[in-house]
$ cat final_34.txt   # compact mmCIF, C-alpha atoms (C1' of nucleotides)
# COMPACT_ATOMS: atom_id res chain seq x y z
CA MET A 1 -97.61 -20.59 36.83
CA LYS A 2 -95.99 -23.40 38.69
CA VAL A 3 -97.19 -23.49 42.27
CA SER A 4 -96.34 -26.00 44.95
CA THR A 5 -98.91 -28.02 46.87
CA LYS A 6 -97.64 -26.27 49.95
CA VAL A 7 -98.94 -22.93 48.69
CA GLU A 8 -102.09 -24.40 47.23
CA PHE A 9 -103.00 -26.36 50.36
CA GLY A 10 -102.10 -23.39 52.53
CA ILE A 11 -104.63 -21.21 50.75
CA ILE A 12 -107.31 -23.86 51.03
CA ALA A 13 -106.57 -24.31 54.72
CA LEU A 14 -106.83 -20.56 55.33
CA ALA A 15 -110.09 -20.32 53.42
CA ASP A 16 -111.38 -23.24 55.47
CA ILE A 17 -110.37 -21.62 58.73
CA ALA A 18 -111.94 -18.33 57.64
CA ILE A 19 -115.22 -20.09 56.94
CA ASN A 20 -115.33 -22.58 59.81
CA SER A 21 -114.04 -20.55 62.74
CA ASN A 22 -117.38 -18.92 63.47
CA ASN A 23 -117.68 -17.18 66.83
CA GLY A 24 -114.03 -17.78 67.63
CA LYS A 25 -114.13 -21.56 67.45
CA ALA A 26 -110.74 -23.03 66.60
CA VAL A 27 -110.50 -25.18 63.46
CA SER A 28 -108.53 -28.42 63.77
CA ILE A 29 -106.11 -29.93 61.28
CA ALA A 30 -108.15 -33.13 61.30
CA GLY A 31 -111.20 -31.21 60.15
CA ILE A 32 -109.42 -29.43 57.33
CA SER A 33 -107.83 -32.71 56.31
CA GLU A 34 -111.18 -34.49 56.04
CA ARG A 35 -113.04 -31.70 54.29
CA HIS A 36 -110.47 -31.36 51.53
CA ASN A 37 -108.74 -34.75 51.42
CA ILE A 38 -105.33 -33.41 52.32
CA SER A 39 -102.84 -35.37 54.43
CA ALA A 40 -103.13 -34.17 58.03
CA LYS A 41 -99.46 -34.73 58.67
CA TYR A 42 -98.54 -32.61 55.70
CA LEU A 43 -100.98 -29.89 56.71
CA GLU A 44 -99.16 -29.59 60.03
CA HIS A 45 -96.06 -28.24 58.37
CA ILE A 46 -98.02 -25.82 56.27
CA LEU A 47 -100.01 -24.43 59.18
CA ILE A 48 -96.86 -23.99 61.22
CA ALA A 49 -95.42 -21.88 58.42
CA LEU A 50 -98.58 -19.78 58.33
CA LYS A 51 -98.40 -19.40 62.09
CA GLN A 52 -94.79 -18.25 61.95
CA ALA A 53 -95.86 -15.63 59.44
CA ASN A 54 -98.47 -14.43 61.96
CA LEU A 55 -101.43 -15.20 59.75
CA ILE A 56 -103.00 -17.70 62.14
CA ARG A 57 -102.83 -18.49 65.84
CA GLY A 58 -102.68 -22.02 67.21
CA GLN A 59 -104.48 -23.22 70.28
CA LYS A 60 -103.11 -26.34 71.90
CA GLY A 61 -104.97 -29.02 73.78
CA ALA A 62 -108.38 -30.63 73.40
CA ARG A 63 -110.84 -28.58 71.33
CA GLY A 64 -107.80 -26.72 70.06
CA GLY A 65 -107.02 -25.76 66.51
CA TYR A 66 -106.33 -22.62 64.55
CA VAL A 67 -107.96 -19.23 64.15
CA LEU A 68 -107.03 -16.32 61.91
CA ALA A 69 -104.65 -13.88 63.55
CA ARG A 70 -106.54 -10.95 62.01
CA PRO A 71 -109.74 -10.44 59.97
CA SER A 72 -109.74 -12.18 56.61
CA ASP A 73 -110.08 -8.89 54.72
CA LYS A 74 -106.76 -7.83 56.24
CA ILE A 75 -104.94 -10.90 54.89
CA THR A 76 -103.82 -10.57 51.30
CA PHE A 77 -102.49 -13.19 48.92
CA PHE A 78 -99.21 -11.40 49.05
CA ASP A 79 -99.00 -12.31 52.73
CA ILE A 80 -100.04 -15.90 52.16
CA ILE A 81 -97.79 -16.66 49.22
CA ASN A 82 -94.78 -15.07 50.86
CA ALA A 83 -95.37 -17.07 54.02
CA LEU A 84 -95.28 -20.36 52.12
CA ASP A 85 -92.86 -19.83 49.26
CA ILE A 86 -90.61 -16.83 49.26
CA THR A 87 -89.36 -17.51 45.72
CA ILE A 88 -92.69 -16.84 43.98
CA LEU A 89 -92.89 -13.10 44.44
CA SER A 90 -89.26 -12.16 44.74
CA GLY A 91 -86.30 -12.73 42.50
CA SER A 92 -83.89 -15.59 42.98
CA TYR A 93 -81.79 -14.96 39.98
CA ILE A 94 -78.66 -16.48 38.61
CA ASP A 95 -75.34 -15.02 39.51
CA ASP A 96 -74.36 -12.33 37.04
CA SER A 97 -70.89 -11.56 38.31
CA GLN A 98 -69.19 -13.88 35.82
CA ASP A 99 -70.86 -12.39 32.77
CA ASN A 100 -68.43 -10.70 30.43
CA SER A 101 -71.24 -8.51 29.17
CA SER A 102 -73.85 -6.94 31.41
CA PHE A 103 -76.67 -8.88 29.81
CA LYS A 104 -77.60 -10.88 32.86
CA THR A 105 -77.90 -7.78 35.01
CA THR A 106 -79.89 -5.99 32.33
CA VAL A 107 -82.32 -8.88 31.89
CA ASN A 108 -82.77 -9.16 35.64
CA GLU A 109 -83.53 -5.48 36.01
CA CYS A 110 -85.57 -4.94 32.87
CA LEU A 111 -87.56 -8.12 32.96
CA TRP A 112 -87.67 -10.16 36.14
CA ASP A 113 -87.67 -7.30 38.61
CA LYS A 114 -90.51 -5.60 36.75
CA MET A 115 -92.40 -8.84 36.44
CA ASN A 116 -92.13 -9.40 40.18
CA LEU A 117 -93.42 -5.94 40.98
CA TYR A 118 -96.27 -6.45 38.55
CA LEU A 119 -97.18 -9.76 40.17
CA GLN A 120 -96.95 -8.27 43.64
CA ASP A 121 -99.41 -5.54 42.68
CA PHE A 122 -101.84 -8.22 41.63
CA VAL A 123 -101.69 -10.40 44.73
CA LYS A 124 -101.71 -7.48 47.14
CA LYS A 125 -105.16 -6.55 45.87
CA ILE A 126 -106.77 -9.92 46.56
CA THR A 127 -107.83 -10.68 50.12
CA LEU A 128 -108.54 -13.96 51.83
CA ALA A 129 -112.06 -12.67 52.56
CA GLU A 130 -112.87 -12.51 48.85
CA VAL A 131 -111.69 -16.01 48.04
CA ALA A 132 -113.26 -17.48 51.18
CA GLU A 133 -116.55 -15.93 50.11
CA GLN A 134 -116.26 -17.54 46.67
CA CYS A 135 -115.41 -20.87 48.25
CA ARG A 136 -118.40 -20.65 50.55
CA THR A 137 -120.72 -19.84 47.67
CA ALA A 138 -119.38 -22.59 45.43
CA ASN A 139 -119.54 -25.09 48.26
CA SER A 140 -123.11 -24.29 49.27
CA GLU A 141 -124.16 -24.64 45.63
CA ASN A 142 -122.53 -28.05 45.73
CA GLU A 143 -124.45 -29.07 48.80
CA TYR A 144 -127.65 -27.80 47.27
CA MET A 145 -127.05 -30.14 44.35
CA TYR A 146 -126.69 -33.11 46.64
CA TYR A 147 -129.88 -32.52 48.59
CA ILE A 148 -132.24 -32.04 45.65
CA MET B 149 -90.40 -15.37 40.66
CA LYS B 150 -88.42 -18.51 40.43
CA VAL B 151 -86.93 -18.88 36.99
CA SER B 152 -84.67 -21.63 35.71
CA THR B 153 -81.26 -21.04 34.16
CA LYS B 154 -82.71 -22.52 31.00
CA VAL B 155 -85.10 -19.60 30.60
CA GLU B 156 -82.59 -17.05 31.79
CA PHE B 157 -79.81 -18.27 29.48
CA GLY B 158 -82.27 -18.58 26.62
CA ILE B 159 -83.18 -14.93 26.87
CA ILE B 160 -79.54 -13.89 27.02
CA ALA B 161 -78.75 -16.05 24.02
CA LEU B 162 -81.58 -14.52 22.02
CA ALA B 163 -80.54 -11.00 22.95
CA ASP B 164 -77.00 -11.88 21.90
CA ILE B 165 -78.15 -13.27 18.57
CA ALA B 166 -80.32 -10.20 17.98
CA ILE B 167 -77.34 -7.94 18.55
CA ASN B 168 -74.58 -9.93 16.88
CA SER B 169 -76.28 -11.25 13.77
CA ASN B 170 -75.78 -8.06 11.78
CA ASN B 171 -76.34 -8.36 8.04
CA GLY B 172 -77.53 -11.93 8.34
CA LYS B 173 -74.37 -13.35 9.88
CA ALA B 174 -75.06 -16.47 11.93
CA VAL B 175 -74.07 -16.40 15.61
CA SER B 176 -72.32 -19.49 16.96
CA ILE B 177 -72.86 -21.19 20.31
CA ALA B 178 -69.15 -20.82 21.05
CA GLY B 179 -69.44 -17.05 20.70
CA ILE B 180 -72.45 -16.76 22.97
CA SER B 181 -70.77 -19.06 25.46
CA GLU B 182 -67.65 -16.90 25.64
CA ARG B 183 -69.39 -13.56 25.76
CA HIS B 184 -71.60 -14.54 28.69
CA ASN B 185 -69.69 -17.31 30.44
CA ILE B 186 -72.34 -19.94 29.86
CA SER B 187 -71.50 -23.60 29.21
CA ALA B 188 -71.56 -24.20 25.46
CA LYS B 189 -72.83 -27.74 25.88
CA TYR B 190 -75.72 -26.53 27.99
CA LEU B 191 -76.52 -23.76 25.53
CA GLU B 192 -76.95 -26.36 22.82
CA HIS B 193 -80.03 -27.78 24.50
CA ILE B 194 -81.49 -24.37 25.06
CA LEU B 195 -80.99 -23.21 21.48
CA ILE B 196 -82.51 -26.42 20.15
CA ALA B 197 -85.63 -25.71 22.21
CA LEU B 198 -85.76 -22.18 20.82
CA LYS B 199 -85.35 -23.57 17.34
CA GLN B 200 -88.17 -26.05 17.80
CA ALA B 201 -90.37 -23.14 18.85
CA ASN B 202 -89.47 -21.41 15.58
CA LEU B 203 -87.82 -18.46 17.21
CA ILE B 204 -84.40 -19.05 15.65
CA ARG B 205 -83.01 -20.88 12.64
CA GLY B 206 -79.88 -23.00 12.76
CA GLN B 207 -77.27 -23.11 10.06
CA LYS B 208 -75.02 -26.15 10.08
CA GLY B 209 -71.43 -26.38 8.99
CA ALA B 210 -68.46 -24.06 9.17
CA ARG B 211 -69.38 -20.39 9.68
CA GLY B 212 -72.72 -21.74 10.84
CA GLY B 213 -74.71 -20.67 13.86
CA TYR B 214 -78.11 -19.20 14.58
CA VAL B 215 -80.15 -16.29 13.32
CA LEU B 216 -83.54 -15.05 14.46
CA ALA B 217 -86.43 -16.63 12.59
CA ARG B 218 -88.23 -13.26 12.48
CA PRO B 219 -87.48 -9.64 13.41
CA SER B 220 -86.78 -9.11 17.10
CA ASP B 221 -89.76 -6.80 17.51
CA LYS B 222 -91.99 -9.68 16.46
CA ILE B 223 -90.66 -11.95 19.21
CA THR B 224 -92.31 -11.41 22.58
CA PHE B 225 -91.34 -12.74 25.98
CA PHE B 226 -94.47 -14.76 25.92
CA ASP B 227 -93.00 -16.68 22.97
CA ILE B 228 -89.62 -17.09 24.60
CA ILE B 229 -90.78 -18.18 28.03
CA ASN B 230 -93.28 -20.64 26.59
CA ALA B 231 -90.61 -22.15 24.39
CA LEU B 232 -88.36 -22.88 27.35
CA ASP B 233 -90.66 -23.62 30.24
CA ILE B 234 -94.31 -24.25 29.60
CA THR B 235 -95.18 -24.24 33.31
CA ILE B 236 -94.41 -20.58 33.90
CA LEU B 237 -97.30 -19.03 32.04
CA SER B 238 -99.89 -21.76 32.23
CA GLY B 239 -101.42 -23.59 35.12
CA SER B 240 -100.16 -26.94 36.33
CA TYR B 241 -102.44 -27.29 39.25
CA ILE B 242 -103.06 -30.00 41.75
CA ASP B 243 -105.76 -32.50 41.13
CA ASP B 244 -109.06 -31.30 42.57
CA SER B 245 -111.19 -34.36 41.89
CA GLN B 246 -110.68 -35.79 45.38
CA ASP B 247 -111.71 -32.66 47.21
CA ASN B 248 -114.89 -33.08 49.24
CA SER B 249 -115.52 -29.38 48.94
CA SER B 250 -115.02 -27.38 45.76
CA PHE B 251 -112.32 -25.22 47.30
CA LYS B 252 -109.52 -26.42 45.08
CA THR B 253 -111.48 -25.70 41.92
CA THR B 254 -112.53 -22.31 43.23
CA VAL B 255 -108.99 -21.32 44.15
CA ASN B 256 -107.71 -22.46 40.79
CA GLU B 257 -110.30 -20.44 38.91
CA CYS B 258 -110.39 -17.34 41.10
CA LEU B 259 -106.72 -17.02 41.75
CA TRP B 260 -104.28 -18.97 39.63
CA ASP B 261 -106.10 -18.72 36.33
CA LYS B 262 -106.46 -14.96 36.74
CA MET B 263 -102.87 -14.62 37.81
CA ASN B 264 -101.72 -16.49 34.72
CA LEU B 265 -103.75 -14.28 32.41
CA TYR B 266 -102.39 -11.22 34.15
CA LEU B 267 -98.82 -12.46 33.73
CA GLN B 268 -99.42 -13.33 30.11
CA ASP B 269 -100.63 -9.81 29.42
CA PHE B 270 -97.39 -8.50 30.82
CA VAL B 271 -94.97 -10.69 28.88
CA LYS B 272 -96.87 -10.37 25.62
CA LYS B 273 -96.16 -6.63 25.66
CA ILE B 274 -92.39 -6.93 25.95
CA THR B 275 -90.44 -7.68 22.81
CA LEU B 276 -86.97 -9.07 22.34
CA ALA B 277 -86.11 -5.88 20.44
CA GLU B 278 -86.63 -3.75 23.53
CA VAL B 279 -84.51 -5.87 25.82
CA ALA B 280 -81.78 -6.33 23.21
CA GLU B 281 -81.63 -2.56 22.87
CA GLN B 282 -81.20 -2.16 26.62
CA CYS B 283 -78.52 -4.85 26.65
CA ARG B 284 -76.66 -3.11 23.84
CA THR B 285 -76.80 0.23 25.63
CA ALA B 286 -75.70 -1.19 28.97
CA ASN B 287 -72.90 -3.12 27.33
CA SER B 288 -71.53 -0.19 25.35
CA GLU B 289 -71.54 1.91 28.52
CA ASN B 290 -69.50 -0.85 30.09
CA GLU B 291 -66.97 -0.76 27.29
CA TYR B 292 -66.83 2.99 27.49
CA MET B 293 -65.83 2.67 31.12
CA TYR B 294 -63.00 0.36 30.27
CA TYR B 295 -61.46 2.57 27.64
CA ILE B 296 -61.39 5.83 29.62
C1' DT C 297 -106.68 -36.49 88.35
C1' DA C 298 -106.59 -39.47 84.43
C1' DT C 299 -107.87 -39.29 79.81
C1' DT C 300 -107.96 -37.51 75.53
C1' DA C 301 -107.58 -34.39 71.79
C1' DA C 302 -105.18 -31.46 69.86
C1' DA C 303 -100.91 -28.57 68.41
C1' DC C 304 -95.95 -28.73 68.16
C1' DC C 305 -91.24 -30.56 66.88
C1' DT C 306 -87.42 -33.23 64.48
C1' DA C 307 -85.95 -36.42 61.29
C1' DT C 308 -86.20 -39.27 57.18
C1' DT C 309 -87.33 -40.87 52.55
C1' DG C 310 -88.72 -41.79 47.65
C1' DA C 311 -89.61 -39.57 43.55
C1' DC C 312 -88.79 -36.04 40.67
C1' DT C 313 -86.42 -31.99 38.58
C1' DT C 314 -82.49 -29.21 37.45
C1' DA C 315 -78.28 -28.16 35.52
C1' DC C 316 -75.33 -29.72 33.60
C1' DT C 317 -71.58 -33.27 31.01
C1' DA C 318 -70.15 -36.90 27.38
C1' DG C 319 -69.64 -38.59 23.07
C1' DG C 320 -70.61 -38.83 19.01
C1' DA C 321 -73.27 -38.16 13.97
C1' DC C 322 -74.16 -35.08 10.41
C1' DA C 323 -73.55 -30.91 7.37
C1' DA C 324 -71.34 -27.16 5.02
C1' DG C 325 -67.83 -23.91 3.93
C1' DT C 326 -62.54 -23.52 2.74
C1' DA D 327 -60.05 -33.73 3.06
C1' DC D 328 -60.40 -30.83 6.96
C1' DT D 329 -62.34 -27.88 9.98
C1' DT D 330 -66.10 -25.68 12.11
C1' DG D 331 -70.16 -25.76 13.41
C1' DT D 332 -75.11 -27.76 14.52
C1' DC D 333 -77.73 -31.80 15.83
C1' DC D 334 -78.89 -35.96 18.65
C1' DT D 335 -79.07 -39.39 22.54
C1' DA D 336 -77.55 -40.63 27.04
C1' DG D 337 -76.27 -40.19 31.55
C1' DT D 338 -75.57 -38.17 36.29
C1' DA D 339 -74.80 -35.53 40.68
C1' DA D 340 -77.13 -32.41 43.45
C1' DG D 341 -81.07 -30.43 44.98
C1' DT D 342 -86.06 -29.87 45.85
C1' DC D 343 -90.79 -31.56 46.74
C1' DA D 344 -94.27 -33.99 48.95
C1' DA D 345 -95.01 -36.37 51.99
C1' DT D 346 -94.42 -39.92 56.31
C1' DA D 347 -92.99 -41.33 61.06
C1' DG D 348 -92.77 -40.94 65.76
C1' DG D 349 -92.57 -38.56 69.35
C1' DT D 350 -93.43 -34.26 73.15
C1' DT D 351 -96.25 -30.75 75.11
C1' DT D 352 -100.48 -28.45 76.32
C1' DA D 353 -105.19 -27.84 77.65
C1' DA D 354 -110.05 -29.09 78.08
C1' DT D 355 -113.15 -32.48 80.21
C1' DA D 356 -115.10 -36.51 82.46
$ encode --input "final_34.txt" --output "structure tokens"
Amino acid sequence: MKVSTKVEFGIIALADIAINSNNGKAVSIAGISERHNISAKYLEHILIALKQANLIRGQKGARGGYVLARPSDKITFFDIINALDITILSGSYIDDSQDNSSFKTTVNECLWDKMNLYLQDFVKKITLAEVAEQCRTANSENEYMYYI
Amino acid sequence: MKVSTKVEFGIIALADIAINSNNGKAVSIAGISERHNISAKYLEHILIALKQANLIRGQKGARGGYVLARPSDKITFFDIINALDITILSGSYIDDSQDNSSFKTTVNECLWDKMNLYLQDFVKKITLAEVAEQCRTANSENEYMYYI
DNA sequence: TATTAAACCTATTGACTTACTAGGACAAGT
DNA sequence: ACTTGTCCTAGTAAGTCAATAGGTTTAATA
């Protein structure tokens, strides 16, 4: 499945915020950028998109940053993916009005629409909390390796 | 789900061949082009890709065209989609070697890999025969409407 | 209150991909 | 031979992607 860096980085940023915003502390772009080697300037755009989708809240000024807008187990991958790339989970099909047969319409309805619904079912079941937990585990195992 | 015209037209072309190649008669690009208002020159490229994936066989010369390489119920959408766009059903992820955490790897494994497998399950179950049948039905209903 | 650290905003750009088009070479049936 | 088709190699205009650049605004803190 082809997925843009925007979506990929957005998920990583959210997982990072979920993990690092303990006791309400805001997580800065600079921090996320350093921890995962992602361009800070690029992250800006991504976080703004996530903010507009009401998944995170920004806090301006010194010691500012981002916090989740609601608990991580209430944020699904459906929410995240849709916030960053609307084309992934919904159809953006070719025009079928010029078709002399009704093949295009039939294929859209019988294949792509069903495939989208199927995909949506999948991503609605996965929460940010689950993936953040896996990231935390994998990362602490990593650190353990380093300090042996 | 974002899908290219190449994939979309490829499916329509295959459904058309499945329906119109009765008693072994080859179906020409010109015919497919007219029936569905798709550029014949563009269709060439698409059919060549389908041929290279061994889904259809080409017959050169006058009265030439294409026939399915095997029965339509032995051709799945997994075959078709993979023939036309390898990125849809397999991962083409970002590089995770520069990540200071292991988040990228974790997200790839926990999310995208699973999503790909899930999608593959879906498209492996659908055969060209089924969709061609639906296209035939929808099309004959269309014609019925015209002749009332 | 000046400084500083951060989010926020608008614009631009190079590389890449998509969706075609062009022009022919080759092959087979009539 | 002639026609009808596939097969093959290029090219190209438009669009998208992945960033970069340079600023403004806001809020904590020294």
$ closest_atom_pairs --input "final_34.txt" --of "region 36-75 of chain A" --to "region 297-319 of chain C" --cutoff "9 Å" --atoms "all atoms listed in the file" --output "Markdown table"
| residue | atom | partner | partner_atom | distance |
| --- | --- | --- | --- | --- |
| A:Glu44 | CA | C:DA303 | C1' | 8.6 |
| A:Ile48 | CA | C:DC304 | C1' | 8.5 |
| A:Gly58 | CA | C:DA303 | C1' | 6.9 |
| A:Gln59 | CA | C:DA303 | C1' | 6.7 |
| A:Lys60 | CA | C:DA303 | C1' | 4.7 |
| A:Gly61 | CA | C:DA302 | C1' | 4.6 |
| A:Ala62 | CA | C:DA301 | C1' | 4.2 |
| A:Arg63 | CA | C:DA302 | C1' | 6.5 |
| A:Gly64 | CA | C:DA302 | C1' | 5.4 |
| A:Gly65 | CA | C:DA302 | C1' | 6.9 |
| A:Tyr66 | CA | C:DA303 | C1' | 8.9 |
$ write_last_selection --input "final_34.txt" --atoms "C-alpha atoms" --output "PDB file, keeping the file's coordinate frame"
ATOM      1  CA  GLU A  44     -99.160 -29.590  60.030  1.00  0.00           C
ATOM      2  CA  ILE A  48     -96.860 -23.990  61.220  1.00  0.00           C
ATOM      3  CA  GLY A  58    -102.680 -22.020  67.210  1.00  0.00           C
ATOM      4  CA  GLN A  59    -104.480 -23.220  70.280  1.00  0.00           C
ATOM      5  CA  LYS A  60    -103.110 -26.340  71.900  1.00  0.00           C
ATOM      6  CA  GLY A  61    -104.970 -29.020  73.780  1.00  0.00           C
ATOM      7  CA  ALA A  62    -108.380 -30.630  73.400  1.00  0.00           C
ATOM      8  CA  ARG A  63    -110.840 -28.580  71.330  1.00  0.00           C
ATOM      9  CA  GLY A  64    -107.800 -26.720  70.060  1.00  0.00           C
ATOM     10  CA  GLY A  65    -107.020 -25.760  66.510  1.00  0.00           C
ATOM     11  CA  TYR A  66    -106.330 -22.620  64.550  1.00  0.00           C
TER      12      TYR A  66
END
$ atom_distance --input "final_34.txt" --atom1 "C1' of DA323 (chain C)" --atom2 "C1' of DT329 (chain D)"
11.9 Å
$ closest_atom_pairs --input "final_34.txt" --of "chain D" --to "chain A" --cutoff "9 Å" --atoms "all atoms listed in the file" --output "Markdown table"
| residue | atom | partner | partner_atom | distance |
| --- | --- | --- | --- | --- |
| D:DC343 | C1' | A:Ser4 | CA | 8.1 |
| D:DA344 | C1' | A:Thr5 | CA | 7.8 |
| D:DA345 | C1' | A:Tyr42 | CA | 6.4 |
| D:DT346 | C1' | A:Lys41 | CA | 7.6 |
| D:DT351 | C1' | A:Lys60 | CA | 8.8 |
| D:DT352 | C1' | A:Gly61 | CA | 5.2 |
| D:DA353 | C1' | A:Gly61 | CA | 4.1 |
| D:DA354 | C1' | A:Ala62 | CA | 5.2 |
| D:DT355 | C1' | A:Ala62 | CA | 8.5 |
$ residues_near_point --input "final_34.txt" --point "(-81.0, -13.7, 13.4)" --cutoff "6 Å" --atoms "all atoms listed in the file" --output "list in words"
Ile165, Ala166, Ser169, Val215 and Leu216 of chain B
$ closest_atom_pairs --input "final_34.txt" --of "chain B" --to "chain A" --cutoff "8 Å" --atoms "all atoms listed in the file" --output "CSV"
residue,atom,partner,partner_atom,distance
B:Met149,CA,A:Ile88,CA,4.3
B:Lys150,CA,A:Thr87,CA,5.5
B:Val151,CA,A:Tyr93,CA,7.1
B:Thr153,CA,A:Ile94,CA,6.9
B:Glu156,CA,A:Ile94,CA,7.9
B:Ile159,CA,A:Val107,CA,7.9
B:Ile160,CA,A:Phe103,CA,6.4
B:Glu182,CA,A:Asn100,CA,7.9
B:Arg183,CA,A:Asn100,CA,5.6
B:His184,CA,A:Asp99,CA,4.7
B:Asn185,CA,A:Asp99,CA,5.6
B:Thr235,CA,A:Lys2,CA,5.5
B:Ile236,CA,A:Met1,CA,4.3
B:Leu237,CA,A:Met1,CA,5.0
B:Ser238,CA,A:Met1,CA,5.3
B:Gly239,CA,A:Met1,CA,5.1
B:Ser240,CA,A:Lys2,CA,6.0
B:Tyr241,CA,A:Val3,CA,7.2
B:Ile242,CA,A:Thr5,CA,6.9
B:Gln246,CA,A:Asn37,CA,6.4
B:Asp247,CA,A:His36,CA,4.7
B:Asn248,CA,A:His36,CA,5.3
B:Ser249,CA,A:Asn139,CA,5.9
B:Ser250,CA,A:Asn139,CA,5.7
B:Phe251,CA,A:Cys135,CA,5.4
B:Lys252,CA,A:Ile12,CA,6.8
B:Thr254,CA,A:Cys135,CA,6.0
B:Val255,CA,A:Val131,CA,7.1
B:Cys258,CA,A:Val131,CA,7.2
B:Trp260,CA,A:Met1,CA,7.4
B:Met263,CA,A:Phe122,CA,7.5
B:Asn264,CA,A:Met1,CA,6.2
B:Leu267,CA,A:Leu119,CA,7.2
B:Phe270,CA,A:Met115,CA,7.5
B:Val279,CA,A:Val107,CA,7.1
B:Gln282,CA,A:Thr106,CA,7.0
B:Cys283,CA,A:Phe103,CA,5.4
B:Ala286,CA,A:Ser102,CA,6.5
B:Asn287,CA,A:Ser102,CA,5.7
B:Asn290,CA,A:Ser102,CA,7.6
$ write_last_selection --input "final_34.txt" --atoms "C-alpha atoms" --output "mmCIF file, in the coordinates of the input"
data_model
loop_
_atom_site.group_PDB
_atom_site.id
_atom_site.type_symbol
_atom_site.label_atom_id
_atom_site.label_comp_id
_atom_site.auth_asym_id
_atom_site.auth_seq_id
_atom_site.Cartn_x
_atom_site.Cartn_y
_atom_site.Cartn_z
ATOM 1 C CA MET B 149 -90.400 -15.370 40.660
ATOM 2 C CA LYS B 150 -88.420 -18.510 40.430
ATOM 3 C CA VAL B 151 -86.930 -18.880 36.990
ATOM 4 C CA THR B 153 -81.260 -21.040 34.160
ATOM 5 C CA GLU B 156 -82.590 -17.050 31.790
ATOM 6 C CA ILE B 159 -83.180 -14.930 26.870
ATOM 7 C CA ILE B 160 -79.540 -13.890 27.020
ATOM 8 C CA GLU B 182 -67.650 -16.900 25.640
ATOM 9 C CA ARG B 183 -69.390 -13.560 25.760
ATOM 10 C CA HIS B 184 -71.600 -14.540 28.690
ATOM 11 C CA ASN B 185 -69.690 -17.310 30.440
ATOM 12 C CA THR B 235 -95.180 -24.240 33.310
ATOM 13 C CA ILE B 236 -94.410 -20.580 33.900
ATOM 14 C CA LEU B 237 -97.300 -19.030 32.040
ATOM 15 C CA SER B 238 -99.890 -21.760 32.230
ATOM 16 C CA GLY B 239 -101.420 -23.590 35.120
ATOM 17 C CA SER B 240 -100.160 -26.940 36.330
ATOM 18 C CA TYR B 241 -102.440 -27.290 39.250
ATOM 19 C CA ILE B 242 -103.060 -30.000 41.750
ATOM 20 C CA GLN B 246 -110.680 -35.790 45.380
ATOM 21 C CA ASP B 247 -111.710 -32.660 47.210
ATOM 22 C CA ASN B 248 -114.890 -33.080 49.240
ATOM 23 C CA SER B 249 -115.520 -29.380 48.940
ATOM 24 C CA SER B 250 -115.020 -27.380 45.760
ATOM 25 C CA PHE B 251 -112.320 -25.220 47.300
ATOM 26 C CA LYS B 252 -109.520 -26.420 45.080
ATOM 27 C CA THR B 254 -112.530 -22.310 43.230
ATOM 28 C CA VAL B 255 -108.990 -21.320 44.150
ATOM 29 C CA CYS B 258 -110.390 -17.340 41.100
ATOM 30 C CA TRP B 260 -104.280 -18.970 39.630
ATOM 31 C CA MET B 263 -102.870 -14.620 37.810
ATOM 32 C CA ASN B 264 -101.720 -16.490 34.720
ATOM 33 C CA LEU B 267 -98.820 -12.460 33.730
ATOM 34 C CA PHE B 270 -97.390 -8.500 30.820
ATOM 35 C CA VAL B 279 -84.510 -5.870 25.820
ATOM 36 C CA GLN B 282 -81.200 -2.160 26.620
ATOM 37 C CA CYS B 283 -78.520 -4.850 26.650
ATOM 38 C CA ALA B 286 -75.700 -1.190 28.970
ATOM 39 C CA ASN B 287 -72.900 -3.120 27.330
ATOM 40 C CA ASN B 290 -69.500 -0.850 30.090
#
$ atom_distance --input "final_34.txt" --atom1 "CA of Lys51 (chain A)" --atom2 "CA of Glu133 (chain A)"
22.0 Å
$ residues_around --input "final_34.txt" --residues "DG320 (chain C)" --least-positions-apart "2" --cutoff "12 Å" --atoms "all atoms listed in the file" --output "list of chain:residue names"
C:DA318, C:DC322, D:DC333, D:DC334, D:DT335, D:DA336
$ closest_residue --input "final_34.txt" --among "B:Asn168, B:Leu162, B:Ala188, B:Ile177" --to "chain C" --atoms "only C-alpha atoms (C1' of nucleotides)"
B:Ala188
$ residues_around --input "final_34.txt" --residues "Asp221 (chain B)" --least-positions-apart "6" --cutoff "8 Å" --atoms "only C-alpha atoms (C1' of nucleotides)" --output "PyMOL selection string"
chain B and resi 275-278
$ closest_residue --input "final_34.txt" --among "A:Leu55, A:Ile81, A:Lys74, A:Ser28" --to "chain C" --atoms "all atoms listed in the file"
A:Ser28
$ atom_distance --input "final_34.txt" --atom1 "CA of Pro219 (chain B)" --atom2 "C1' of DT332 (chain D)"
22.0 Å
$ decode --input "final_34.txt" --residues "region 116-130 of chain A" --atoms "C-alpha atoms" --output "PDB file, in the first residue's frame"
ATOM      1  CA  ASN A 116     -12.827   1.053   0.906  1.00  0.00           C
ATOM      2  CA  LEU A 117     -15.422  -0.108   3.394  1.00  0.00           C
ATOM      3  CA  TYR A 118     -13.316  -3.148   4.151  1.00  0.00           C
ATOM      4  CA  LEU A 119     -10.243  -1.004   4.747  1.00  0.00           C
ATOM      5  CA  GLN A 120     -12.196   1.415   6.895  1.00  0.00           C
ATOM      6  CA  ASP A 121     -13.358  -1.431   9.126  1.00  0.00           C
ATOM      7  CA  PHE A 122      -9.748  -2.369   9.659  1.00  0.00           C
ATOM      8  CA  VAL A 123      -8.375   1.051  10.560  1.00  0.00           C
ATOM      9  CA  LYS A 124     -11.315   1.966  12.770  1.00  0.00           C
ATOM     10  CA  LYS A 125     -10.392  -0.908  15.064  1.00  0.00           C
ATOM     11  CA  ILE A 126      -6.815   0.195  15.680  1.00  0.00           C
ATOM     12  CA  THR A 127      -6.221   2.953  18.215  1.00  0.00           C
ATOM     13  CA  LEU A 128      -3.277   5.249  18.704  1.00  0.00           C
ATOM     14  CA  ALA A 129      -2.950   3.866  22.248  1.00  0.00           C
ATOM     15  CA  GLU A 130      -2.155   0.393  20.915  1.00  0.00           C
TER      16      GLU A 130
END
